[in-house]
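First comes the structure, then the notes that go with it.
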Amino acid sequence: MNKKITETDVILNFLEDSRLRLVKSVSFEFPAGSWTGKKDRNIADIHGPNIPGIEAKSDFSSSKRDLQNHKKNNNILHYIYSADKIKEEEISFWKENSVSACIFLTTKNKWAILNSEDGFFEKLLPLSKRV
Amino acid sequence: MSINKQYYICADSADLYAWIIRNKNFLFDRNKDYSRTVKIPFNNQVVDLIFVHKFSNRKKYDSLTKNFLSKTAGTPDYILFSEDSENPILCIEDSKTAPVGNSVIQRLDKLWPLMISTEIKCPVVYIGPKKGLDASNKQMRGWEQSWFYKSIAKDIPEVFRLLDDVNQDVCEESFLLITEIISKNLAGEQIQKTQITKEMLSAMNKSMEKHVRTYNKNIFSGKLFQRSGVDAHPAQSTLLLITETRKTLGLPSATLQITETHKQKLLKSKTRRLKRILNNGVNFQ
C-alpha cells in the first residue's frame with residue numbers, strides 16, 4: 001500500500017467500508033477526471049439529507065489547509081483523509097478546531113477516528129473497519 | 001479452483017465504480033495497487049471486472065490505454081479490455097448533463113476521432129440524457145434541437161445512447177452496456193462498431209458549415225484562446241471535429257482566420273487537442 005492515496009481513493013475506500021450503513025440518497029462528489037472547473041463549495045464531497053457534509057482530502061496537510069481557508073471551507077466539521085500513521089499534530093489540530101477527522105491508515109487498511117464528539121463516523125463505519 | 005475471466009476497465013471517472021458499489025450487491029476487492037475488482041456473475045461463471053482508475057494507478061492506466069488514446073485528443077470515461085486482448089472492446093463517454101446548442105460538438109473531441117476512425121474496431125459510445133435544463137434561460141433543451149442530432153446522431157442511436165427519462169441514471173446505462181459487451185465477449189461473439197460512413201460524414205460536414213457560425217466553406221474563424229490566453233475548449237473542440245471530418249473525407253485542409261498571436265500560440269501548444277489539429281492539417285490565412 002502507498003503511504004498516501006488520492007482524494008478519489010479516500011472517498012472510494014470510505015464508500016466501500018461504509019456502504020451498508022449509508023442510505024442511497026447520500027451523494028458522492030469525486031474530483032472529476034478531465035474536469036478542471038471550479039467546484040461548488042457549498043457541496044461537500046459526501047453529502048446527503050440526513051448526514052452533515054464530509055470533506056475528503058488526500059492527506060492531513062491538505063485537510064488542514066482546507067479547514068483554515070474560510071473562502072473554501074463551508075463550515076464543514078467532518079474530514080476524511082489518508083496517512084501511514086497519525087502524528088501528535090493531527091490529534092491536537094482537530095481537537096483545537098472541534099472538528100472530527102477519520103483517517104484511512106494505509107498501513108492497516110482501516111480507519112482511525114479523531115476527536116469524535118458526535119459519534120458520527122462510528123455510526124457509519126463498522127468496528128471491523130476501524131483500528 | 002477455477003480462475004475468473006478478467007476484464008479491465010480503465011476509468012477516468014470514479015462515478016461508475018461508486019454506482020456499482022452502492023447499487024449492486026456484488027463482492028469486491030481493494031487490490032494492493034489500488035485497482036478495484038468487482039465480481040460479477042454471468043450465467044454459470046463469475047467475471048472479475050477490474051477498475052483501473054486513472055488517478056489511482058496512472059502507470060497501469062497508461063500502459064493499458066496508451067495506444068488507444070494516441071488516436072484521439074482526450075480521455076473518454078471508460079475503456080474496457082478483456083484480459084486476452086490488447087485492443088479495447090468498448091469505449092464510453094457518459095455525461096449527466098444534456099448539452100445545448102453547439103455544445104454538443106464541443107463535447108465530442110474525445111470521441112469523434114475514435115468514432116470515425118476505421119482503425120478503431122470497438123464500439124465507441126456516448127451516453128447521456130436527451131434533455132436537460134438550460135440554466136441560462138431556465139428552459140428544457142437538449143439534443144433534439146441541435147443540428148448535430150438532426151444531421152447524424154439521430155441515425156445512429158447505438159452510438160449516441162440518449163436517455164429519454166431525465167431521471168434515468170447514466171451510470172446504470174453505462175453498466176448495462178458494459179455487461180452486454182462482456183456477455184457477448186464471453187460467448188465468443190464478434191463485437192462490431194457502428195461505422196460512420198463517408199456519406200454520413202459528408203452530410204454532417206455540410207450541416208456543420210451551415211450551422212457553425214465560425215465555419216464557412218473551409219474557413220474557420222473561431223477564437224481558439226480566451227482573452228486571458230487560456231485554451232478556449234469549445235472553439236478548439238469544434239475545430240478538431242472540423243479537421244478530423246475533413247481529413248477523413250479527403251477534403252482540403254481548413255483555413256484558419258485567426259490573429260497572429262493565436263497562430264503562434266497554436267503552433268507552440270503542447271496540448272493533445274491542438275497538436276492533433278495541426279497534425280490533421282490546417283492552413284493559415
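Every chain in the C-alpha cells takes a letter, A first, then B, and so on in the order presented; its residues are numbered from 1, and the ligands are numbered from 1 following the presented order.
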Problem set entry | Expected answer as number ranges by chain: helix (DSSP H, G or I) residues in chain A | A: 7-21, 60-68, 88-96, 120-124, 127-129
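The list of residues with at least one atom within 12 Å of region 117-119 of chain B, based on only C-alpha atoms and without residues fewer than 4 positions apart in the same chain, reads B:Asn67, B:Phe68, B:Ser70, B:Lys71, B:Thr72, B:Asn87, B:Pro88, B:Leu111, B:Trp112, B:Pro113, B:Pro123, B:Val124, B:Gln192, B:Lys193, B:Thr194, B:Gln195, B:Ile196, B:Thr197, B:Lys198, B:Leu201, B:Glu244, B:Thr245, B:Lys247, B:Thr248, B:Leu249.
Minimum atom-to-atom distances from B:Val212, B:Leu186, B:Ala18, B:Cys10 to Asp17 (chain A) were compared using only C-alpha atoms, and the lowest value belongs to B:Ala18.
Considering the residues B:Asn185, B:Ser151, B:Asn57, B:Asn31 and counting only C-alpha atoms, Glu209 (chain B) has its shortest atom-to-atom contact with B:Ser151.
Take the candidates A:Lys4, A:Lys24, A:Lys129, A:Lys123 and check each one against chain B using only C-alpha atoms; the shortest distance goes to A:Lys24.
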Exercise. Separation of CA of Asp109 (chain B) and CA of Ala235 (chain B), in Å?
Worked result: 10.6 Å
Which residues of chain B have any atom within 10 Å of an atom in chain A when counting only C-alpha atoms, and what is the closest pair of atoms for each, with the distance in Å to one decimal? Order the rows by chain and rising number and write it as CSV.
```
residue,atom,partner,partner_atom,distance
B:Ala11,CA,A:Gly33,CA,8.6
B:Asp12,CA,A:Gly33,CA,4.9
B:Ser13,CA,A:Gly33,CA,5.2
B:Ala14,CA,A:Phe30,CA,6.6
B:Asp15,CA,A:Phe30,CA,7.2
B:Tyr17,CA,A:Leu12,CA,8.5
B:Ala18,CA,A:Leu12,CA,6.9
B:Trp19,CA,A:Phe28,CA,9.6
B:Ile21,CA,A:Glu16,CA,6.9
B:Arg22,CA,A:Arg19,CA,6.5
B:Asn23,CA,A:Lys24,CA,8.2
B:Phe28,CA,A:Glu16,CA,8.7
B:Asp29,CA,A:Glu16,CA,9.4
B:Arg30,CA,A:Asn13,CA,8.3
B:Asn31,CA,A:Met1,CA,9.0
B:Lys32,CA,A:Met1,CA,5.7
B:Asp33,CA,A:Met1,CA,7.0
B:Tyr34,CA,A:Asp9,CA,7.8
B:Ser35,CA,A:Asp9,CA,9.8
B:Arg36,CA,A:Leu12,CA,9.7
B:His53,CA,A:Thr8,CA,9.1
B:Lys54,CA,A:Gly33,CA,7.9
B:Phe55,CA,A:Thr6,CA,7.1
B:Ser56,CA,A:Thr6,CA,6.5
B:Asn57,CA,A:Thr6,CA,9.7
B:Gly74,CA,A:Ser34,CA,8.4
B:Thr75,CA,A:Ser34,CA,7.4
B:Pro76,CA,A:Ser34,CA,9.0
B:Asp77,CA,A:Gly33,CA,7.7
```
Those selected residues, please, written with N, CA, C and O atoms and delivered as a CSV table (one decimal), in the first residue's frame.
```csv
chain,number,residue,atom,x,y,z
B,11,ALA,N,-10.7,3.7,-16.1
B,11,ALA,CA,-11.7,4.7,-15.8
B,11,ALA,C,-11.1,6.1,-15.5
B,11,ALA,O,-10.2,6.2,-14.7
B,12,ASP,N,-11.6,7.1,-16.2
B,12,ASP,CA,-11.2,8.5,-15.9
B,12,ASP,C,-12.1,9.1,-14.9
B,12,ASP,O,-11.9,10.2,-14.4
B,13,SER,N,-13.2,8.4,-14.5
B,13,SER,CA,-14.1,8.9,-13.6
B,13,SER,C,-14.4,7.7,-12.6
B,13,SER,O,-14.5,6.6,-13.0
B,14,ALA,N,-14.6,8.1,-11.3
B,14,ALA,CA,-14.9,7.1,-10.3
B,14,ALA,C,-16.4,6.9,-10.1
B,14,ALA,O,-16.9,6.0,-9.3
B,15,ASP,N,-17.2,7.6,-10.9
B,15,ASP,CA,-18.7,7.5,-10.7
B,15,ASP,C,-19.3,6.1,-10.9
B,15,ASP,O,-20.1,5.7,-10.2
B,17,TYR,N,-17.8,3.1,-10.7
B,17,TYR,CA,-17.5,2.2,-9.7
B,17,TYR,C,-18.3,2.5,-8.4
B,17,TYR,O,-18.9,1.5,-7.8
B,18,ALA,N,-18.4,3.7,-8.1
B,18,ALA,CA,-19.2,4.1,-6.9
B,18,ALA,C,-20.7,3.7,-7.1
B,18,ALA,O,-21.3,3.2,-6.1
B,19,TRP,N,-21.2,3.8,-8.3
B,19,TRP,CA,-22.6,3.4,-8.5
B,19,TRP,C,-22.7,1.9,-8.3
B,19,TRP,O,-23.7,1.5,-7.7
B,21,ILE,N,-20.9,-0.1,-6.5
B,21,ILE,CA,-20.8,-0.5,-5.1
B,21,ILE,C,-22.1,-0.2,-4.3
B,21,ILE,O,-22.5,-0.9,-3.4
B,22,ARG,N,-22.7,0.9,-4.7
B,22,ARG,CA,-23.9,1.4,-4.0
B,22,ARG,C,-25.2,0.7,-4.4
B,22,ARG,O,-26.1,0.5,-3.6
B,23,ASN,N,-25.2,0.2,-5.7
B,23,ASN,CA,-26.5,-0.3,-6.2
B,23,ASN,C,-26.5,-1.7,-6.5
B,23,ASN,O,-27.6,-2.3,-6.8
B,28,PHE,N,-16.6,-7.4,-3.8
B,28,PHE,CA,-15.5,-6.6,-4.4
B,28,PHE,C,-14.2,-6.7,-3.6
B,28,PHE,O,-14.3,-7.0,-2.4
B,29,ASP,N,-13.1,-6.4,-4.2
B,29,ASP,CA,-11.8,-6.4,-3.6
B,29,ASP,C,-11.1,-5.1,-3.8
B,29,ASP,O,-11.1,-4.6,-5.0
B,30,ARG,N,-10.4,-4.6,-2.8
B,30,ARG,CA,-9.5,-3.5,-3.0
B,30,ARG,C,-8.1,-4.1,-3.2
B,30,ARG,O,-7.6,-4.7,-2.2
B,31,ASN,N,-7.5,-3.9,-4.3
B,31,ASN,CA,-6.2,-4.5,-4.6
B,31,ASN,C,-5.1,-3.7,-4.1
B,31,ASN,O,-5.2,-2.5,-3.9
B,32,LYS,N,-3.9,-4.3,-4.0
B,32,LYS,CA,-2.7,-3.6,-3.4
B,32,LYS,C,-2.3,-2.5,-4.3
B,32,LYS,O,-1.7,-1.5,-3.8
B,33,ASP,N,-2.5,-2.6,-5.6
B,33,ASP,CA,-2.1,-1.5,-6.5
B,33,ASP,C,-3.2,-0.4,-6.6
B,33,ASP,O,-3.1,0.5,-7.5
B,34,TYR,N,-4.2,-0.5,-5.8
B,34,TYR,CA,-5.4,0.4,-5.8
B,34,TYR,C,-6.2,0.3,-7.1
B,34,TYR,O,-7.0,1.2,-7.4
B,35,SER,N,-6.1,-0.8,-7.8
B,35,SER,CA,-7.2,-1.2,-8.7
B,35,SER,C,-8.2,-1.8,-7.8
B,35,SER,O,-8.0,-2.2,-6.7
B,36,ARG,N,-9.4,-1.9,-8.4
B,36,ARG,CA,-10.5,-2.5,-7.5
B,36,ARG,C,-11.3,-3.5,-8.4
B,36,ARG,O,-11.7,-3.2,-9.5
B,53,HIS,N,-8.5,3.0,-12.1
B,53,HIS,CA,-8.8,4.5,-12.1
B,53,HIS,C,-7.5,5.3,-12.5
B,53,HIS,O,-6.4,5.0,-11.9
B,54,LYS,N,-7.7,6.2,-13.4
B,54,LYS,CA,-6.5,7.0,-13.9
B,54,LYS,C,-5.8,7.6,-12.7
B,54,LYS,O,-4.6,7.7,-12.7
B,55,PHE,N,-6.5,8.2,-11.8
B,55,PHE,CA,-5.9,8.9,-10.7
B,55,PHE,C,-5.4,8.1,-9.5
B,55,PHE,O,-4.8,8.5,-8.6
B,56,SER,N,-5.7,6.8,-9.6
B,56,SER,CA,-5.2,5.9,-8.6
B,56,SER,C,-3.9,5.2,-9.0
B,56,SER,O,-3.0,4.9,-8.2
B,57,ASN,N,-3.9,4.7,-10.2
B,57,ASN,CA,-2.7,4.0,-10.7
B,57,ASN,C,-2.4,4.4,-12.1
B,57,ASN,O,-2.8,3.8,-13.1
B,74,GLY,N,-8.4,13.3,-26.2
B,74,GLY,CA,-8.9,13.5,-24.8
B,74,GLY,C,-9.0,12.1,-24.2
B,74,GLY,O,-8.5,11.1,-24.8
B,75,THR,N,-9.6,12.1,-23.0
B,75,THR,CA,-9.6,10.8,-22.3
B,75,THR,C,-11.1,10.5,-22.0
B,75,THR,O,-11.8,11.1,-21.2
B,76,PRO,N,-11.6,9.5,-22.8
B,76,PRO,CA,-13.0,9.1,-22.5
B,76,PRO,C,-13.2,8.5,-21.1
B,76,PRO,O,-12.2,8.0,-20.5
B,77,ASP,N,-14.4,8.4,-20.6
B,77,ASP,CA,-14.6,8.0,-19.2
B,77,ASP,C,-14.2,6.5,-19.0
B,77,ASP,O,-13.6,6.2,-18.0
```
Give me the residues within 8 Å of Leu90 (chain B) as a tab-separated table (two decimals) with N, CA, C and O atoms, in the first residue's frame, counting only C-alpha atoms and dropping any in the same chain fewer than 4 places off.
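Written out: out.tsv:
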```tsv
chain	number	residue	atom	x	y	z
B	79	ILE	N	-12.80	2.74	-20.70
B	79	ILE	CA	-12.28	1.94	-21.81
B	79	ILE	C	-12.15	0.51	-21.30
B	79	ILE	O	-11.44	0.25	-20.32
B	80	LEU	N	-12.86	-0.40	-21.94
B	80	LEU	CA	-12.95	-1.78	-21.45
B	80	LEU	C	-12.07	-2.71	-22.29
B	80	LEU	O	-12.13	-2.69	-23.52
B	81	PHE	N	-11.28	-3.52	-21.58
B	81	PHE	CA	-10.42	-4.52	-22.24
B	81	PHE	C	-10.75	-5.90	-21.67
B	81	PHE	O	-11.03	-6.03	-20.48
B	122	CYS	N	-13.66	-1.22	-31.89
B	122	CYS	CA	-14.62	-1.43	-30.80
B	122	CYS	C	-15.72	-0.36	-30.83
B	122	CYS	O	-15.51	0.74	-31.35
B	123	PRO	N	-16.89	-0.68	-30.28
B	123	PRO	CA	-17.93	0.36	-30.19
B	123	PRO	C	-17.44	1.56	-29.36
B	123	PRO	O	-16.82	1.38	-28.32
B	124	VAL	N	-17.72	2.74	-29.88
B	124	VAL	CA	-17.39	3.99	-29.17
B	124	VAL	C	-18.72	4.69	-28.94
B	124	VAL	O	-19.42	5.04	-29.91
B	125	VAL	N	-19.10	4.85	-27.68
B	125	VAL	CA	-20.48	5.22	-27.37
B	125	VAL	C	-20.54	6.43	-26.45
B	125	VAL	O	-19.77	6.53	-25.49
B	178	ILE	N	-21.86	-2.20	-20.58
B	178	ILE	CA	-20.62	-2.95	-20.29
B	178	ILE	C	-20.93	-4.44	-20.10
B	178	ILE	O	-20.25	-5.30	-20.65
B	181	ILE	N	-21.71	-6.11	-23.43
B	181	ILE	CA	-20.50	-6.36	-24.23
B	181	ILE	C	-19.70	-7.53	-23.64
B	181	ILE	O	-19.20	-8.39	-24.36
```
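Between CA of Tyr78 (chain B) and CA of Asp231 (chain B) lies a distance of 24.7 Å.
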Exercise. What lies within 12 Å of Lys206 (chain B) using only C-alpha atoms, ignoring chain neighbours under 3 positions off, as a ChimeraX atom specification?
Worked result: /B:147-148,151-152,199-203,209-212,215-218,242,245-246,249
Exercise. Near Gln168 (chain B), counting only C-alpha atoms, which residues have an atom at most 10 Å away, once you skip same-chain residues fewer than 4 positions from it, shown as a PyMOL selection string?
Worked result: chain B and resi 96+128-129+163-164+172-173
Output all heavy atoms for every residue in that selection, as a short mmCIF file (atom, residue, chain, number, x, y, z; two decimals), in the first residue's frame.
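Result file is out-v1.cif:
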```
data_model
loop_
_atom_site.label_atom_id
_atom_site.label_comp_id
_atom_site.auth_asym_id
_atom_site.auth_seq_id
_atom_site.Cartn_x
_atom_site.Cartn_y
_atom_site.Cartn_z
N LYS B 96 -23.79 13.42 -17.24
CA LYS B 96 -25.07 13.55 -16.52
C LYS B 96 -25.89 14.72 -17.03
O LYS B 96 -27.06 14.84 -16.73
CB LYS B 96 -24.80 13.75 -15.02
CG LYS B 96 -24.35 12.49 -14.33
CD LYS B 96 -24.01 12.75 -12.88
CE LYS B 96 -23.46 11.49 -12.26
NZ LYS B 96 -22.79 11.73 -10.99
N GLY B 128 -25.90 9.81 -22.41
CA GLY B 128 -26.29 10.98 -21.63
C GLY B 128 -27.76 11.27 -21.81
O GLY B 128 -28.41 10.69 -22.69
N PRO B 129 -28.31 12.15 -21.00
CA PRO B 129 -29.73 12.47 -21.13
C PRO B 129 -30.02 13.22 -22.44
O PRO B 129 -29.17 13.99 -22.90
CB PRO B 129 -30.04 13.35 -19.92
CG PRO B 129 -28.72 13.85 -19.46
CD PRO B 129 -27.67 12.88 -19.90
N LEU B 163 -30.80 9.27 -23.32
CA LEU B 163 -31.82 8.77 -22.40
C LEU B 163 -33.03 9.71 -22.38
O LEU B 163 -32.90 10.91 -22.14
CB LEU B 163 -31.23 8.64 -20.99
CG LEU B 163 -29.87 7.93 -20.91
CD1 LEU B 163 -29.35 7.91 -19.48
CD2 LEU B 163 -29.97 6.51 -21.45
N ASP B 164 -34.20 9.13 -22.64
CA ASP B 164 -35.43 9.92 -22.69
C ASP B 164 -35.85 10.40 -21.31
O ASP B 164 -36.34 11.50 -21.15
CB ASP B 164 -36.57 9.08 -23.29
CG ASP B 164 -36.37 8.89 -24.79
OD1 ASP B 164 -36.04 9.89 -25.44
OD2 ASP B 164 -36.51 7.76 -25.27
N GLU B 172 -26.12 3.65 -14.64
CA GLU B 172 -26.87 2.40 -14.85
C GLU B 172 -26.82 2.00 -16.33
O GLU B 172 -26.60 0.83 -16.66
CB GLU B 172 -28.32 2.59 -14.40
CG GLU B 172 -29.14 1.32 -14.50
CD GLU B 172 -30.55 1.50 -13.95
OE1 GLU B 172 -30.98 2.65 -13.77
OE2 GLU B 172 -31.20 0.47 -13.73
N GLU B 173 -27.00 2.97 -17.19
CA GLU B 173 -26.97 2.70 -18.63
C GLU B 173 -25.56 2.27 -19.07
O GLU B 173 -25.42 1.34 -19.87
CB GLU B 173 -27.40 3.97 -19.38
CG GLU B 173 -27.69 3.80 -20.84
CD GLU B 173 -28.93 2.96 -21.15
OE1 GLU B 173 -29.74 2.73 -20.25
OE2 GLU B 173 -29.04 2.51 -22.31
#
```
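When DSSP reads the backbone of this structure, the residues of region 2-106 of chain A it assigns to strand (DSSP E or B) are A:Ser27, A:Phe28, A:Ile46, A:His47, A:Gly48, A:Ile51, A:Pro52, A:Gly53, A:Ile54, A:Glu55, A:Ala56, A:His78, A:Tyr79, A:Ile80, A:Tyr81, A:Ser82, A:Ala83, A:Ser100, A:Ala101, A:Cys102, A:Ile103, A:Phe104, A:Leu105.
Contact shell of region 255-262 of chain B at 10 Å (only C-alpha atoms; same-chain neighbours under 2 positions omitted): Thr214, Tyr215, Asn216, Lys217, Asn218, Ile219, Phe220, Ser221, Gly222, Lys223, Leu224, Phe225, Gln226, Gly229, Leu239, Thr243, Pro252, Ser253, Gln264, Lys265, Leu266, Leu267, Lys268, Gly281, Val282, Asn283, Phe284 and Gln285 of chain B.
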For this session: Name all residues at most 10 Å from Val38 (chain B) (count only C-alpha atoms; drop same-chain ones fewer than 2 positions away) and give them as a ChimeraX atom specification.
Result: /B:7,17,20-21,24-30,36,40-41,46-51
